Amino acid sequence: MEKKNTYIRDLIARMSLEQKIGAVLTLGFAGTVPRAHIYKYIEEYHCGGLRLSCDMRQFGSYVDPNGNKTVVKLENADGIRFKGPAPVPTAGQYKAVLDELQSRARKRPLSIPLHFSYDQEGGSSADFFFGGVNLFPKPMGIRAMNDTDMAYRIAKAVARQGKAVGFNWVHSPVLDVNSEPANPEIYTRAYSDDAREVARYARETCRGLKEEKMIATGKHFPGRGHSDVDAHFQVPVIDVDKKTMEERELLPYKELIAEGLLPSIMIAHSIFPAIDPDNIATVSKKVITGLLREELGFQGVIATDSMTMGAIATRYGVANACALSLEAGADLVLMKAENHLVEEVIDKIRSFVEQGRIPMEELEDKVYRILNLKYEYGLFGPAGEGEEPEKVLQEEGIRQLARQAARRSVLIARDREGSIPVTGEKILVIEQKVKEYNDMQWHSGILFEACQGYRPDIRYLETSYSYDDTDKSQITQALTEYDTVIATNYFLRGKAKNRDFWEEQISLHPEVKIIIVSNTPYEQLSIPGNAGNVLLTFATSPENIRAAAAVLFGEMEPEGVWPLKEMLM
């Protein structure tokens, strides 16, 4: 490969093997308080960057919600018994943490900066959720706005807020085309089930991120939308022919690669029989080198998804999979577990290099791509104070954009009984306990609190995310006492098992106006087939929930449009 950047080329010439191996690793930092091993990753292992998971104190095992089976057990001998939630900082406090870690990195012999990567797709996919950050809908909610300029403006706002605290590499946009309605992993993380719409909205997202110098990552190549299993727990097999893949899965990648809008691409932990029937794409030379590098001509950084996910870890072993992926052509390995696996991964990669399975020239090509991308996005520049995070988060333009995005994405999917707006005498809000976010902005009960602003006499029933026997008993009793029930039935990675329960209750209580509030449009995932009243939020985050409450009580006209080719409702 051609290496025009002489600064990076000369830097690589001075790097030891250990530094080169470290440069191709993104290691995990769970929580908001660094412990000794994080400094070890930086100073002793020379890691290229950290993947930040701010809401949990410890990165834990993968437990399949269908049966609660532990798929990948990650042993942690760090003394932590209770994994979450992590301490919630202000934006400024977290910036100080990242600044200090970056300072440690810049004091290393070659002064190579860290990349700080995160997920901020929208809705519950928000590693940066604290300090008053303005949150936006899931990608499908952005498509529901029917305005690509909103995708561009939202991307700029997401990037500006993230950059203000120190994030510089975001794992977005999602380029999957959600052609399988029962997909438990992608669902509303995709813009649409239409490949051309995915390309249109992802293009504007990439433009916004690029203008704000936030490194974008298209995912999950070649495309994980046509699957009904979750790669966190099982191996998805995307069994479609090459022609279909060309027209659907690959179309967004082809267009955005040709336009130079994808600085990095993340590989899917899935098998694509039309390309390589034997190997998961993450370790497939046919997929990574043959299809992505040679056929599509991608010259940017190729990154893996988390290498402790069930699909990849159970099949190859974590350390072995990391080395195999680099051998197949990946540049940057994502290894989030903070335990002995880090040392195992480094040892395994070193052995592959020493055996010639990863030739030194190829390793240096990988390091060049990564460091050159950091250089192009300004990470090697002088450390500055930057913008004060609280001022950026409080900018009225960004706050207005968040409110506008909520209003324009929320939609009434069904109103067969004329129950919206709500007019009942006795109204109950049944609301699931959401993720462990628990600051004043985002916490359990925010739908009820917003509804209470319109009807102070409404009552509240909080349930677990997936109903237990106590929840079912209380709901069954409540349906005999209220004439109108507003019930959330959200879906998150297979964790909601309430759909059939609500289908039964709607049949048993035709006299009660039951309004289902959901974050997905899919009957297979969360919408009871017989529900006559359905409001879609496309996010469980604050502004979308406030907008949902306003729509429920007639204070706001929803502006969202149906985001899919197929009419599911």
# chains A, B, ... in the order shown; residues from 1 in each chain; ligands from 1
$ residues_around --residues "Asp193 of chain A" --least-positions-apart "5" --cutoff "7 Å" --atoms "only C-alpha atoms" --output "PDB file with N, CA, C and O atoms, in the first residue's frame"
ATOM      1  N   VAL A 177     -29.530  -3.365   6.599  1.00  0.00           N
ATOM      2  CA  VAL A 177     -30.872  -3.204   6.026  1.00  0.00           C
ATOM      3  C   VAL A 177     -31.755  -4.226   6.739  1.00  0.00           C
ATOM      4  O   VAL A 177     -31.588  -5.426   6.549  1.00  0.00           O
ATOM      5  N   ASN A 178     -32.671  -3.764   7.574  1.00  0.00           N
ATOM      6  CA  ASN A 178     -33.423  -4.689   8.437  1.00  0.00           C
ATOM      7  C   ASN A 178     -34.554  -5.368   7.661  1.00  0.00           C
ATOM      8  O   ASN A 178     -35.731  -5.089   7.843  1.00  0.00           O
ATOM      9  N   SER A 179     -34.149  -6.309   6.812  1.00  0.00           N
ATOM     10  CA  SER A 179     -35.114  -6.999   5.951  1.00  0.00           C
ATOM     11  C   SER A 179     -35.827  -8.136   6.661  1.00  0.00           C
ATOM     12  O   SER A 179     -36.780  -8.707   6.106  1.00  0.00           O
ATOM     13  N   LEU A 564     -40.708   2.185   6.911  1.00  0.00           N
ATOM     14  CA  LEU A 564     -40.398   0.922   6.251  1.00  0.00           C
ATOM     15  C   LEU A 564     -41.127   0.789   4.927  1.00  0.00           C
ATOM     16  O   LEU A 564     -42.190   1.400   4.720  1.00  0.00           O
ATOM     17  N   LYS A 565     -40.579  -0.050   4.044  1.00  0.00           N
ATOM     18  CA  LYS A 565     -41.281  -0.362   2.803  1.00  0.00           C
ATOM     19  C   LYS A 565     -42.552  -1.146   3.090  1.00  0.00           C
ATOM     20  O   LYS A 565     -43.589  -0.921   2.486  1.00  0.00           O
TER      21      LYS A 565
END
$ residues_around --residues "Met214 of chain A" --least-positions-apart "2" --cutoff "8 Å" --atoms "only C-alpha atoms" --output "list in words"
Ala159, Lys163, Asn168, Trp169, Val170, Leu209, Lys210, Glu211, Glu212, Ala216 and Tyr377 of chain A
$ closest_residue --among "A:Val97, A:Ile515, A:Met360, A:Ala199" --to "Tyr39 of chain A" --atoms "only C-alpha atoms"
A:Val97
$ closest_residue --among "A:Gly208, A:Pro277, A:Gly92, A:Pro113" --to "Gly48 of chain A" --atoms "only C-alpha atoms"
A:Pro113
$ residues_around --residues "Thr244 of chain A" --least-positions-apart "5" --cutoff "12 Å" --atoms "only C-alpha atoms" --output "list of chain:residue names"
A:Val177, A:Ser179, A:Ala195, A:Pro222, A:Gly223, A:His226, A:Ile238, A:Asp239, A:Glu249, A:Leu250, A:Leu251, A:Phe272, A:Ala274
$ write_last_selection --atoms "N, CA and C atoms" --output "compact mmCIF listing (two decimals), in the first residue's frame"
# COMPACT_ATOMS: atom_id res chain seq x y z
N VAL A 177 -29.53 -3.37 6.60
CA VAL A 177 -30.87 -3.20 6.03
C VAL A 177 -31.75 -4.23 6.74
N SER A 179 -34.15 -6.31 6.81
CA SER A 179 -35.11 -7.00 5.95
C SER A 179 -35.83 -8.14 6.66
N ALA A 195 -32.74 -0.62 1.21
CA ALA A 195 -31.31 -0.35 1.11
C ALA A 195 -31.02 1.07 0.65
N PRO A 222 -20.74 -7.69 5.98
CA PRO A 222 -21.44 -7.14 4.82
C PRO A 222 -22.91 -6.75 5.08
N GLY A 223 -23.46 -7.05 6.24
CA GLY A 223 -24.85 -6.68 6.55
C GLY A 223 -25.53 -7.72 7.40
N HIS A 226 -30.63 -9.34 7.79
CA HIS A 226 -31.50 -10.46 7.39
C HIS A 226 -31.23 -11.66 8.28
N ILE A 238 -26.50 -15.47 7.36
CA ILE A 238 -27.23 -14.62 6.41
C ILE A 238 -27.25 -15.37 5.08
N ASP A 239 -28.20 -16.27 4.94
CA ASP A 239 -28.23 -17.21 3.82
C ASP A 239 -28.99 -16.63 2.64
N GLU A 249 -27.72 -5.81 0.92
CA GLU A 249 -26.74 -5.64 1.99
C GLU A 249 -25.57 -4.74 1.59
N LEU A 250 -25.03 -4.92 0.39
CA LEU A 250 -23.81 -4.23 0.01
C LEU A 250 -24.04 -2.84 -0.57
N LEU A 251 -25.27 -2.54 -0.97
CA LEU A 251 -25.53 -1.27 -1.65
C LEU A 251 -25.09 -0.06 -0.83
N PHE A 272 -21.78 -15.68 6.00
CA PHE A 272 -22.41 -15.32 4.73
C PHE A 272 -22.07 -16.42 3.72
N ALA A 274 -22.87 -17.17 0.79
CA ALA A 274 -22.60 -16.78 -0.60
C ALA A 274 -21.16 -16.31 -0.79
$ residues_around --residues "Tyr253 of chain A" --least-positions-apart "3" --cutoff "12 Å" --atoms "only C-alpha atoms" --output "PDB file with N, CA, C and O atoms, in the first residue's frame"
ATOM      1  N   PRO A 173     -22.314   5.014  11.287  1.00  0.00           N
ATOM      2  CA  PRO A 173     -23.733   4.637  11.264  1.00  0.00           C
ATOM      3  C   PRO A 173     -23.943   3.136  11.055  1.00  0.00           C
ATOM      4  O   PRO A 173     -23.064   2.437  10.543  1.00  0.00           O
ATOM      5  N   VAL A 174     -25.127   2.683  11.439  1.00  0.00           N
ATOM      6  CA  VAL A 174     -25.542   1.304  11.157  1.00  0.00           C
ATOM      7  C   VAL A 174     -25.987   1.254   9.699  1.00  0.00           C
ATOM      8  O   VAL A 174     -26.909   1.972   9.301  1.00  0.00           O
ATOM      9  N   LEU A 175     -25.332   0.411   8.902  1.00  0.00           N
ATOM     10  CA  LEU A 175     -25.668   0.290   7.482  1.00  0.00           C
ATOM     11  C   LEU A 175     -26.461  -0.980   7.191  1.00  0.00           C
ATOM     12  O   LEU A 175     -26.710  -1.297   6.026  1.00  0.00           O
ATOM     13  N   ASP A 176     -26.860  -1.700   8.239  1.00  0.00           N
ATOM     14  CA  ASP A 176     -27.666  -2.898   8.040  1.00  0.00           C
ATOM     15  C   ASP A 176     -29.042  -2.534   7.495  1.00  0.00           C
ATOM     16  O   ASP A 176     -29.640  -1.526   7.886  1.00  0.00           O
ATOM     17  N   VAL A 177     -29.530  -3.365   6.599  1.00  0.00           N
ATOM     18  CA  VAL A 177     -30.872  -3.204   6.026  1.00  0.00           C
ATOM     19  C   VAL A 177     -31.755  -4.226   6.739  1.00  0.00           C
ATOM     20  O   VAL A 177     -31.588  -5.426   6.549  1.00  0.00           O
ATOM     21  N   ALA A 195     -32.743  -0.623   1.212  1.00  0.00           N
ATOM     22  CA  ALA A 195     -31.311  -0.349   1.112  1.00  0.00           C
ATOM     23  C   ALA A 195     -31.024   1.074   0.649  1.00  0.00           C
ATOM     24  O   ALA A 195     -30.074   1.711   1.127  1.00  0.00           O
ATOM     25  N   ARG A 196     -31.837   1.589  -0.258  1.00  0.00           N
ATOM     26  CA  ARG A 196     -31.576   2.939  -0.772  1.00  0.00           C
ATOM     27  C   ARG A 196     -31.851   3.992   0.300  1.00  0.00           C
ATOM     28  O   ARG A 196     -31.155   5.018   0.375  1.00  0.00           O
ATOM     29  N   VAL A 198     -31.511   3.430   3.534  1.00  0.00           N
ATOM     30  CA  VAL A 198     -30.378   3.297   4.456  1.00  0.00           C
ATOM     31  C   VAL A 198     -29.192   4.106   3.929  1.00  0.00           C
ATOM     32  O   VAL A 198     -28.554   4.860   4.679  1.00  0.00           O
ATOM     33  N   ALA A 199     -28.895   3.977   2.652  1.00  0.00           N
ATOM     34  CA  ALA A 199     -27.774   4.711   2.063  1.00  0.00           C
ATOM     35  C   ALA A 199     -27.997   6.217   2.139  1.00  0.00           C
ATOM     36  O   ALA A 199     -27.069   6.981   2.463  1.00  0.00           O
ATOM     37  N   ARG A 200     -29.222   6.670   1.858  1.00  0.00           N
ATOM     38  CA  ARG A 200     -29.522   8.112   1.873  1.00  0.00           C
ATOM     39  C   ARG A 200     -29.295   8.718   3.248  1.00  0.00           C
ATOM     40  O   ARG A 200     -28.662   9.770   3.391  1.00  0.00           O
ATOM     41  N   ALA A 202     -27.691   7.295   5.934  1.00  0.00           N
ATOM     42  CA  ALA A 202     -26.332   7.073   6.426  1.00  0.00           C
ATOM     43  C   ALA A 202     -25.355   8.053   5.783  1.00  0.00           C
ATOM     44  O   ALA A 202     -24.399   8.506   6.423  1.00  0.00           O
ATOM     45  N   ARG A 203     -25.585   8.387   4.530  1.00  0.00           N
ATOM     46  CA  ARG A 203     -24.717   9.351   3.834  1.00  0.00           C
ATOM     47  C   ARG A 203     -24.688  10.677   4.593  1.00  0.00           C
ATOM     48  O   ARG A 203     -23.625  11.254   4.836  1.00  0.00           O
ATOM     49  N   CYS A 206     -22.854  10.364   7.915  1.00  0.00           N
ATOM     50  CA  CYS A 206     -21.401  10.383   7.710  1.00  0.00           C
ATOM     51  C   CYS A 206     -20.896  11.793   7.425  1.00  0.00           C
ATOM     52  O   CYS A 206     -19.836  12.197   7.927  1.00  0.00           O
ATOM     53  N   THR A 217     -17.886   4.868  11.771  1.00  0.00           N
ATOM     54  CA  THR A 217     -17.674   3.442  11.524  1.00  0.00           C
ATOM     55  C   THR A 217     -18.951   2.838  10.946  1.00  0.00           C
ATOM     56  O   THR A 217     -19.953   2.704  11.660  1.00  0.00           O
ATOM     57  N   GLY A 218     -18.936   2.480   9.677  1.00  0.00           N
ATOM     58  CA  GLY A 218     -20.087   1.787   9.095  1.00  0.00           C
ATOM     59  C   GLY A 218     -20.134   0.349   9.578  1.00  0.00           C
ATOM     60  O   GLY A 218     -19.107  -0.336   9.616  1.00  0.00           O
ATOM     61  N   LYS A 219     -21.300  -0.123   9.950  1.00  0.00           N
ATOM     62  CA  LYS A 219     -21.406  -1.491  10.482  1.00  0.00           C
ATOM     63  C   LYS A 219     -22.764  -2.083  10.138  1.00  0.00           C
ATOM     64  O   LYS A 219     -23.713  -1.334   9.879  1.00  0.00           O
ATOM     65  N   HIS A 220     -22.876  -3.412  10.071  1.00  0.00           N
ATOM     66  CA  HIS A 220     -21.914  -4.478  10.336  1.00  0.00           C
ATOM     67  C   HIS A 220     -21.713  -5.204   9.005  1.00  0.00           C
ATOM     68  O   HIS A 220     -22.614  -5.884   8.541  1.00  0.00           O
ATOM     69  N   PHE A 221     -20.552  -5.030   8.405  1.00  0.00           N
ATOM     70  CA  PHE A 221     -20.269  -5.520   7.058  1.00  0.00           C
ATOM     71  C   PHE A 221     -20.183  -7.048   7.033  1.00  0.00           C
ATOM     72  O   PHE A 221     -19.579  -7.665   7.922  1.00  0.00           O
ATOM     73  N   PRO A 222     -20.735  -7.689   5.982  1.00  0.00           N
ATOM     74  CA  PRO A 222     -21.442  -7.141   4.824  1.00  0.00           C
ATOM     75  C   PRO A 222     -22.908  -6.746   5.077  1.00  0.00           C
ATOM     76  O   PRO A 222     -23.544  -6.186   4.206  1.00  0.00           O
ATOM     77  N   GLY A 223     -23.464  -7.050   6.243  1.00  0.00           N
ATOM     78  CA  GLY A 223     -24.848  -6.677   6.545  1.00  0.00           C
ATOM     79  C   GLY A 223     -25.532  -7.720   7.400  1.00  0.00           C
ATOM     80  O   GLY A 223     -25.592  -8.889   7.015  1.00  0.00           O
ATOM     81  N   MET A 245     -27.381  -9.961  -2.120  1.00  0.00           N
ATOM     82  CA  MET A 245     -26.449  -9.182  -1.303  1.00  0.00           C
ATOM     83  C   MET A 245     -25.975  -7.934  -2.035  1.00  0.00           C
ATOM     84  O   MET A 245     -25.873  -6.849  -1.439  1.00  0.00           O
ATOM     85  N   GLU A 246     -25.696  -8.071  -3.311  1.00  0.00           N
ATOM     86  CA  GLU A 246     -25.248  -6.917  -4.105  1.00  0.00           C
ATOM     87  C   GLU A 246     -26.298  -5.812  -4.096  1.00  0.00           C
ATOM     88  O   GLU A 246     -25.973  -4.622  -3.978  1.00  0.00           O
ATOM     89  N   GLU A 247     -27.561  -6.198  -4.219  1.00  0.00           N
ATOM     90  CA  GLU A 247     -28.636  -5.222  -4.354  1.00  0.00           C
ATOM     91  C   GLU A 247     -29.130  -4.691  -3.016  1.00  0.00           C
ATOM     92  O   GLU A 247     -29.728  -3.614  -2.972  1.00  0.00           O
ATOM     93  N   ARG A 248     -28.878  -5.434  -1.937  1.00  0.00           N
ATOM     94  CA  ARG A 248     -29.441  -5.036  -0.649  1.00  0.00           C
ATOM     95  C   ARG A 248     -28.324  -4.775   0.376  1.00  0.00           C
ATOM     96  O   ARG A 248     -28.023  -3.622   0.678  1.00  0.00           O
ATOM     97  N   GLU A 249     -27.718  -5.811   0.919  1.00  0.00           N
ATOM     98  CA  GLU A 249     -26.736  -5.643   1.989  1.00  0.00           C
ATOM     99  C   GLU A 249     -25.572  -4.738   1.592  1.00  0.00           C
ATOM    100  O   GLU A 249     -25.144  -3.876   2.379  1.00  0.00           O
ATOM    101  N   LEU A 250     -25.031  -4.920   0.393  1.00  0.00           N
ATOM    102  CA  LEU A 250     -23.807  -4.227   0.006  1.00  0.00           C
ATOM    103  C   LEU A 250     -24.037  -2.840  -0.572  1.00  0.00           C
ATOM    104  O   LEU A 250     -23.103  -2.039  -0.653  1.00  0.00           O
ATOM    105  N   LEU A 256     -21.225   4.566  -0.202  1.00  0.00           N
ATOM    106  CA  LEU A 256     -20.488   5.403   0.739  1.00  0.00           C
ATOM    107  C   LEU A 256     -18.981   5.241   0.605  1.00  0.00           C
ATOM    108  O   LEU A 256     -18.231   6.195   0.804  1.00  0.00           O
ATOM    109  N   ILE A 257     -18.525   4.046   0.239  1.00  0.00           N
ATOM    110  CA  ILE A 257     -17.093   3.851  -0.033  1.00  0.00           C
ATOM    111  C   ILE A 257     -16.694   4.667  -1.257  1.00  0.00           C
ATOM    112  O   ILE A 257     -15.666   5.364  -1.248  1.00  0.00           O
ATOM    113  N   ALA A 258     -17.493   4.610  -2.305  1.00  0.00           N
ATOM    114  CA  ALA A 258     -17.187   5.345  -3.537  1.00  0.00           C
ATOM    115  C   ALA A 258     -17.134   6.850  -3.284  1.00  0.00           C
ATOM    116  O   ALA A 258     -16.372   7.571  -3.945  1.00  0.00           O
ATOM    117  N   GLU A 259     -17.927   7.324  -2.317  1.00  0.00           N
ATOM    118  CA  GLU A 259     -17.976   8.755  -2.023  1.00  0.00           C
ATOM    119  C   GLU A 259     -16.966   9.172  -0.956  1.00  0.00           C
ATOM    120  O   GLU A 259     -16.910  10.348  -0.571  1.00  0.00           O
ATOM    121  N   GLY A 260     -16.166   8.226  -0.463  1.00  0.00           N
ATOM    122  CA  GLY A 260     -15.137   8.550   0.516  1.00  0.00           C
ATOM    123  C   GLY A 260     -15.681   8.965   1.869  1.00  0.00           C
ATOM    124  O   GLY A 260     -15.044   9.751   2.582  1.00  0.00           O
ATOM    125  N   LEU A 261     -16.831   8.420   2.247  1.00  0.00           N
ATOM    126  CA  LEU A 261     -17.483   8.844   3.487  1.00  0.00           C
ATOM    127  C   LEU A 261     -17.311   7.857   4.643  1.00  0.00           C
ATOM    128  O   LEU A 261     -17.805   8.122   5.740  1.00  0.00           O
ATOM    129  N   LEU A 262     -16.619   6.749   4.397  1.00  0.00           N
ATOM    130  CA  LEU A 262     -16.449   5.755   5.459  1.00  0.00           C
ATOM    131  C   LEU A 262     -14.973   5.627   5.820  1.00  0.00           C
ATOM    132  O   LEU A 262     -14.221   4.908   5.170  1.00  0.00           O
ATOM    133  N   PRO A 263     -14.538   6.293   6.873  1.00  0.00           N
ATOM    134  CA  PRO A 263     -13.140   6.140   7.288  1.00  0.00           C
ATOM    135  C   PRO A 263     -12.852   4.776   7.899  1.00  0.00           C
ATOM    136  O   PRO A 263     -11.724   4.295   7.849  1.00  0.00           O
ATOM    137  N   SER A 264     -13.890   4.139   8.483  1.00  0.00           N
ATOM    138  CA  SER A 264     -13.701   2.795   9.026  1.00  0.00           C
ATOM    139  C   SER A 264     -14.973   1.985   8.865  1.00  0.00           C
ATOM    140  O   SER A 264     -16.072   2.537   8.754  1.00  0.00           O
ATOM    141  N   ILE A 265     -14.809   0.669   8.866  1.00  0.00           N
ATOM    142  CA  ILE A 265     -15.930  -0.259   8.710  1.00  0.00           C
ATOM    143  C   ILE A 265     -15.755  -1.384   9.716  1.00  0.00           C
ATOM    144  O   ILE A 265     -14.650  -1.894   9.904  1.00  0.00           O
ATOM    145  N   MET A 266     -16.852  -1.761  10.364  1.00  0.00           N
ATOM    146  CA  MET A 266     -16.845  -2.845  11.348  1.00  0.00           C
ATOM    147  C   MET A 266     -17.432  -4.111  10.723  1.00  0.00           C
ATOM    148  O   MET A 266     -18.468  -4.064  10.049  1.00  0.00           O
ATOM    149  N   ILE A 267     -16.769  -5.237  10.972  1.00  0.00           N
ATOM    150  CA  ILE A 267     -17.171  -6.512  10.385  1.00  0.00           C
ATOM    151  C   ILE A 267     -18.215  -7.206  11.264  1.00  0.00           C
ATOM    152  O   ILE A 267     -18.154  -7.147  12.494  1.00  0.00           O
ATOM    153  N   LEU A 291     -13.667  -9.523  -0.482  1.00  0.00           N
ATOM    154  CA  LEU A 291     -14.838  -8.704  -0.807  1.00  0.00           C
ATOM    155  C   LEU A 291     -14.618  -7.229  -0.484  1.00  0.00           C
ATOM    156  O   LEU A 291     -14.806  -6.361  -1.346  1.00  0.00           O
ATOM    157  N   LEU A 292     -14.238  -6.933   0.748  1.00  0.00           N
ATOM    158  CA  LEU A 292     -14.177  -5.528   1.170  1.00  0.00           C
ATOM    159  C   LEU A 292     -12.964  -4.793   0.605  1.00  0.00           C
ATOM    160  O   LEU A 292     -13.106  -3.707   0.033  1.00  0.00           O
ATOM    161  N   ARG A 293     -11.792  -5.372   0.726  1.00  0.00           N
ATOM    162  CA  ARG A 293     -10.583  -4.685   0.237  1.00  0.00           C
ATOM    163  C   ARG A 293     -10.480  -4.713  -1.284  1.00  0.00           C
ATOM    164  O   ARG A 293     -10.308  -3.667  -1.924  1.00  0.00           O
ATOM    165  N   GLU A 295     -12.640  -6.328  -3.863  1.00  0.00           N
ATOM    166  CA  GLU A 295     -13.796  -6.125  -4.743  1.00  0.00           C
ATOM    167  C   GLU A 295     -14.401  -4.731  -4.583  1.00  0.00           C
ATOM    168  O   GLU A 295     -14.709  -4.061  -5.578  1.00  0.00           O
ATOM    169  N   LEU A 296     -14.565  -4.277  -3.341  1.00  0.00           N
ATOM    170  CA  LEU A 296     -15.179  -2.962  -3.119  1.00  0.00           C
ATOM    171  C   LEU A 296     -14.148  -1.847  -3.036  1.00  0.00           C
ATOM    172  O   LEU A 296     -14.505  -0.672  -3.038  1.00  0.00           O
ATOM    173  N   GLY A 297     -12.882  -2.194  -2.950  1.00  0.00           N
ATOM    174  CA  GLY A 297     -11.821  -1.187  -2.993  1.00  0.00           C
ATOM    175  C   GLY A 297     -11.705  -0.325  -1.756  1.00  0.00           C
ATOM    176  O   GLY A 297     -11.196   0.806  -1.820  1.00  0.00           O
ATOM    177  N   PHE A 298     -12.115  -0.829  -0.596  1.00  0.00           N
ATOM    178  CA  PHE A 298     -12.053  -0.027   0.626  1.00  0.00           C
ATOM    179  C   PHE A 298     -10.621   0.079   1.120  1.00  0.00           C
ATOM    180  O   PHE A 298      -9.931  -0.914   1.296  1.00  0.00           O
TER     181      PHE A 298
END
$ residues_around --residues "Lys348 of chain A" --least-positions-apart "3" --cutoff "8 Å" --atoms "only C-alpha atoms" --output "ChimeraX atom specification"
/A:319-320,323,344-345,351-352
$ closest_residue --among "A:Glu100, A:Glu503, A:Glu255, A:Glu2" --to "Ala383 of chain A" --atoms "only C-alpha atoms"
A:Glu100
$ select_by_dssp --residues "segment 16-209 of chain A" --states "helix (DSSP H, G or I)" --output "NGL selection string"
:A and (17-23 or 36-43 or 91-106 or 139-143 or 148-165 or 187-189 or 195-209)
$ closest_residue --among "A:Ser526, A:Gln432, A:Asn372, A:Thr520" --to "Ile12 of chain A" --atoms "only C-alpha atoms"
A:Asn372
$ residues_around --residues "Gln524 of chain A" --least-positions-apart "4" --cutoff "10 Å" --atoms "only C-alpha atoms" --output "PDB file with N, CA, C and O atoms, in the first residue's frame"
ATOM      1  N   PRO A 181     -38.120  -8.816   9.826  1.00  0.00           N
ATOM      2  CA  PRO A 181     -38.851  -8.142  10.911  1.00  0.00           C
ATOM      3  C   PRO A 181     -38.620  -8.752  12.287  1.00  0.00           C
ATOM      4  O   PRO A 181     -38.791  -8.063  13.296  1.00  0.00           O
ATOM      5  N   ALA A 182     -38.243 -10.020  12.351  1.00  0.00           N
ATOM      6  CA  ALA A 182     -38.024 -10.672  13.645  1.00  0.00           C
ATOM      7  C   ALA A 182     -36.584 -10.511  14.128  1.00  0.00           C
ATOM      8  O   ALA A 182     -36.187 -11.166  15.096  1.00  0.00           O
ATOM      9  N   ASN A 183     -35.801  -9.658  13.485  1.00  0.00           N
ATOM     10  CA  ASN A 183     -34.402  -9.484  13.868  1.00  0.00           C
ATOM     11  C   ASN A 183     -34.312  -8.925  15.288  1.00  0.00           C
ATOM     12  O   ASN A 183     -34.738  -7.797  15.539  1.00  0.00           O
ATOM     13  N   PRO A 184     -33.749  -9.680  16.237  1.00  0.00           N
ATOM     14  CA  PRO A 184     -33.723  -9.233  17.627  1.00  0.00           C
ATOM     15  C   PRO A 184     -32.542  -8.333  17.967  1.00  0.00           C
ATOM     16  O   PRO A 184     -32.461  -7.818  19.081  1.00  0.00           O
ATOM     17  N   ARG A 499     -45.235  -9.410  25.031  1.00  0.00           N
ATOM     18  CA  ARG A 499     -46.153  -9.243  23.910  1.00  0.00           C
ATOM     19  C   ARG A 499     -47.359 -10.175  24.021  1.00  0.00           C
ATOM     20  O   ARG A 499     -48.511  -9.739  23.892  1.00  0.00           O
ATOM     21  N   THR A 520     -40.515   0.040  18.937  1.00  0.00           N
ATOM     22  CA  THR A 520     -40.329  -0.627  17.647  1.00  0.00           C
ATOM     23  C   THR A 520     -41.665  -0.772  16.929  1.00  0.00           C
ATOM     24  O   THR A 520     -42.711  -0.834  17.567  1.00  0.00           O
ATOM     25  N   PRO A 528     -48.569  -6.284  20.208  1.00  0.00           N
ATOM     26  CA  PRO A 528     -49.621  -7.305  20.159  1.00  0.00           C
ATOM     27  C   PRO A 528     -50.428  -7.161  18.872  1.00  0.00           C
ATOM     28  O   PRO A 528     -50.789  -6.054  18.459  1.00  0.00           O
ATOM     29  N   GLY A 529     -50.703  -8.277  18.219  1.00  0.00           N
ATOM     30  CA  GLY A 529     -51.412  -8.229  16.945  1.00  0.00           C
ATOM     31  C   GLY A 529     -52.794  -7.616  17.048  1.00  0.00           C
ATOM     32  O   GLY A 529     -53.291  -7.013  16.094  1.00  0.00           O
ATOM     33  N   LEU A 568     -46.489  -2.971   8.348  1.00  0.00           N
ATOM     34  CA  LEU A 568     -46.631  -4.038   9.324  1.00  0.00           C
ATOM     35  C   LEU A 568     -47.857  -3.856  10.193  1.00  0.00           C
ATOM     36  O   LEU A 568     -48.288  -4.787  10.868  1.00  0.00           O
TER      37      LEU A 568
END
$ select_by_dssp --residues "segment 394-479 of chain A" --states "strand (DSSP E or B)" --output "number ranges by chain"
A: 411-415, 427-432, 459-463
$ closest_residue --among "A:Asp305, A:Glu566, A:Glu504, A:Asp276" --to "Lys336 of chain A" --atoms "only C-alpha atoms"
A:Asp305
$ atom_distance --atom1 "atom CA of Leu479 of chain A" --atom2 "atom CA of Ile420 of chain A"
18.4 Å
$ residues_around --residues "Glu327 of chain A" --least-positions-apart "5" --cutoff "9 Å" --atoms "only C-alpha atoms" --output "ChimeraX atom specification"
/A:283-285,322,352,357-359,362
$ write_last_selection --atoms "C-alpha atoms" --output "PDB file, in the first residue's frame"
ATOM      1  CA  VAL A 283     -12.104 -14.185  10.546  1.00  0.00           C
ATOM      2  CA  SER A 284     -12.840 -14.685   6.847  1.00  0.00           C
ATOM      3  CA  LYS A 285     -10.179 -13.618   4.362  1.00  0.00           C
ATOM      4  CA  CYS A 322      -8.445 -11.786  17.521  1.00  0.00           C
ATOM      5  CA  PHE A 352       1.022 -15.193  14.729  1.00  0.00           C
ATOM      6  CA  ARG A 357       0.965 -15.832   9.700  1.00  0.00           C
ATOM      7  CA  ILE A 358       0.727 -12.057  10.087  1.00  0.00           C
ATOM      8  CA  PRO A 359       3.740 -10.802   8.111  1.00  0.00           C
ATOM      9  CA  GLU A 362       1.015  -6.443   6.828  1.00  0.00           C
TER      10      GLU A 362
END
$ closest_residue --among "A:Pro563, A:Leu98, A:Arg104, A:Asn530" --to "Glu197 of chain A" --atoms "only C-alpha atoms"
A:Pro563
$ closest_atom_pairs --of "segment 366-469 of chain A" --to "segment 541-559 of chain A" --cutoff "7 Å" --atoms "only C-alpha atoms" --output "tab-separated table"
residue	atom	partner	partner_atom	distance
A:Ala402	CA	A:Glu543	CA	6.7
A:Arg403	CA	A:Glu543	CA	5.9
A:Ala406	CA	A:Asn544	CA	4.6
A:Arg407	CA	A:Ala547	CA	5.8
A:Arg408	CA	A:Glu559	CA	4.5
A:Ser409	CA	A:Glu559	CA	6.4
A:Val410	CA	A:Pro558	CA	5.7
A:Leu411	CA	A:Pro558	CA	5.3
A:Ile420	CA	A:Leu552	CA	5.7
A:Pro421	CA	A:Phe553	CA	4.8
A:Val422	CA	A:Phe553	CA	5.4
A:Gln441	CA	A:Pro542	CA	6.9
A:Trp442	CA	A:Pro542	CA	6.1
A:Leu447	CA	A:Ile545	CA	5.7
A:Ala450	CA	A:Arg546	CA	5.7
A:Cys451	CA	A:Ala549	CA	5.2
A:Tyr454	CA	A:Phe553	CA	6.8
